[in-house]
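Down below is the structure, laid out as structure tokens.
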Amino acid sequence: MKFMDGNKVVRAGLAALYPPRCACCNRVLMHQSNLSGFCRGCLPRIPFRTRSQALLGWSDFGPAGYGRSYPVVCATWYRDPIRQMLLKLKFGDAPDLAHALAGILLYGWNRFGIDCRGVVAVPLHQTRERERGYNQAGLIAAAFAKQIDRPDWSQYLIRNRITERQSSLTAREERQANLSGAFSLTLPGKRFERIGGDDARPVVLIDDVLTTGATLTEAAIPFWRNNIPVAGLVASSDKQTQSRLIGRNIGRRLALQETRGFGSTLNRP
Ligand SMILES: [Zn+2]
């Protein structure tokens, strides 16, 4: 007589007790859609950006002197139900949502076929992370790293100080001063060689929501200082694509670079 292996029994038991639920409507997942974690009914409600809307790029958000623009892929518009899911992840102690959200990031990311060497979450300050219990971007980054089978290096990027919420500051100079030097890399010797090595592929910086883009760019600076190219990937934003803001050329050039496989360090036009 054959017995099921112990792990299988436990897994089957857990699946019966806690059947997988849709990350959006929380109903038991009877009909899994193409996107892991979402039911077929909810999939059409996700406010995905089109391919051309999903590629944001900046040349005017970094502090003067860096002159870098880099591709930022944004998967969705900041609208319900994604907005609710992100708020729930942030404030509702629902870390399970990270897996489903990482799937949404992956959908956006795969449209551009950019390879990367590793994944890094935009960090919270230690104090904030302790208050909340986790960094929501960190959870998404960890799940995303697993899904694309790349290392998660989030532990190596730290936020040096507690910054004001960007949304509370109005002037662009104020926002930049607030963030200036806010992030740094903590990489001991050999690890730095591994992350920084002679690799043309970018590190992917991950955040949950993008407002102005200033935080993401500030978080990219420690990498640029060490000649590590960066690409950004965010779950959601209300921001229009840069191609609409500063002319179509940039969008086209970025898209061209993307199709060639890499486009994280374009020069200022
Ligand atoms: Zn659903």
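Scheme for the structure tokens: letters A, B, ... for chains in order shown; per-chain residue numbers from 1; ligand numbers from 1 in order shown.
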Can you tell me which residues come within 7 Å of ligand 1 when counting only C-alpha atoms and all ligand atoms, ideally as a list in words?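 Sorted by chain and then by number, the residues are Cys22, Ala23, Cys24, Cys25, Asn26, Arg27, Phe38, Cys39, Arg40, Gly41 and Cys42 of chain A.
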Residues of stretch 5-172 of chain A classed as strand (DSSP E or B) by DSSP on the backbone are to be reported as an NGL selection string. :A and (21 or 28 or 32 or 39 or 48 or 55-57 or 68-69 or 71-77 or 118-121 or 152 or 157-159)
For those residues, write N, CA and C atoms to a file as a compact mmCIF listing (two decimals), in the first residue's frame.
```
# COMPACT_ATOMS: atom_id res chain seq x y z
N ARG A 21 -7.31 32.28 -2.76
CA ARG A 21 -8.35 33.28 -3.01
C ARG A 21 -7.84 34.34 -3.96
N VAL A 28 -12.91 32.57 -3.34
CA VAL A 28 -12.10 31.38 -3.61
C VAL A 28 -11.86 31.28 -5.11
N GLN A 32 -8.85 30.24 -12.18
CA GLN A 32 -7.63 31.04 -12.20
C GLN A 32 -7.50 31.73 -13.56
N CYS A 39 -8.78 36.16 -10.14
CA CYS A 39 -9.83 35.39 -10.81
C CYS A 39 -10.12 36.02 -12.18
N PHE A 48 -4.39 48.21 -16.18
CA PHE A 48 -3.06 48.09 -16.81
C PHE A 48 -2.80 49.26 -17.73
N LEU A 55 6.03 52.66 -20.22
CA LEU A 55 7.44 53.02 -20.17
C LEU A 55 7.60 54.49 -19.83
N LEU A 56 8.05 54.75 -18.60
CA LEU A 56 8.34 56.12 -18.19
C LEU A 56 9.85 56.28 -18.22
N GLY A 57 10.31 57.48 -18.53
CA GLY A 57 11.74 57.72 -18.46
C GLY A 57 11.95 59.17 -18.12
N ARG A 68 21.36 61.57 -15.97
CA ARG A 68 21.01 60.24 -16.45
C ARG A 68 19.51 60.17 -16.64
N SER A 69 19.10 59.54 -17.68
CA SER A 69 17.72 59.13 -17.69
C SER A 69 17.76 57.62 -17.81
N PRO A 71 15.19 53.84 -17.95
CA PRO A 71 13.84 53.36 -18.17
C PRO A 71 13.15 53.04 -16.86
N VAL A 72 11.93 53.47 -16.75
CA VAL A 72 11.11 53.09 -15.61
C VAL A 72 9.84 52.47 -16.18
N VAL A 73 9.62 51.24 -15.79
CA VAL A 73 8.42 50.55 -16.26
C VAL A 73 7.37 50.63 -15.17
N CYS A 74 6.19 51.04 -15.55
CA CYS A 74 5.10 51.15 -14.59
C CYS A 74 3.93 50.30 -15.09
N ALA A 75 3.51 49.35 -14.27
CA ALA A 75 2.55 48.35 -14.75
C ALA A 75 1.11 48.88 -14.86
N THR A 76 0.69 49.67 -13.87
CA THR A 76 -0.74 50.05 -13.86
C THR A 76 -0.91 51.54 -13.54
N TRP A 77 -2.11 52.04 -13.81
CA TRP A 77 -2.52 53.36 -13.33
C TRP A 77 -2.91 53.22 -11.86
N GLY A 118 19.89 41.76 -10.98
CA GLY A 118 19.33 41.53 -9.65
C GLY A 118 18.27 42.56 -9.35
N VAL A 119 17.64 42.41 -8.20
CA VAL A 119 16.47 43.20 -7.83
C VAL A 119 16.73 43.89 -6.49
N VAL A 120 16.35 45.17 -6.39
CA VAL A 120 16.52 45.90 -5.15
C VAL A 120 15.26 46.72 -4.87
N ALA A 121 14.73 46.63 -3.66
CA ALA A 121 13.55 47.42 -3.31
C ALA A 121 13.97 48.80 -2.82
N ASP A 152 17.77 38.82 -4.93
CA ASP A 152 17.17 39.99 -4.28
C ASP A 152 18.24 40.64 -3.40
N LEU A 157 20.74 48.16 0.01
CA LEU A 157 20.42 49.58 -0.16
C LEU A 157 19.69 50.04 1.09
N ILE A 158 20.21 51.10 1.72
CA ILE A 158 19.55 51.57 2.95
C ILE A 158 19.16 53.05 2.83
N ARG A 159 18.15 53.41 3.61
CA ARG A 159 17.71 54.81 3.68
C ARG A 159 18.36 55.39 4.92
```
Determine, counting only C-alpha atoms, which protein, DNA and RNA residues have an atom within 12 Å of an atom of A:Tyr107; residues of the same chain fewer than 2 positions away are not included. Present the result as a PyMOL selection string. chain A and resi 34-36+46+48-51+54+73-76+100-105+109-113+144+147-148+233-235
Within 8 Å of stretch 199-206 of chain A, counting only C-alpha atoms, which residues show up once you throw out same-chain ones fewer than 6 positions away? Write them as a count of residues only, please. 24
Out of A:Arg83, A:Leu139, A:Lys146, A:Ser52, which residue has the shortest atom-to-atom distance to A:Thr241 when counting only C-alpha atoms?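 Checking each candidate against A:Thr241, we get A:Ser52 as the closest.
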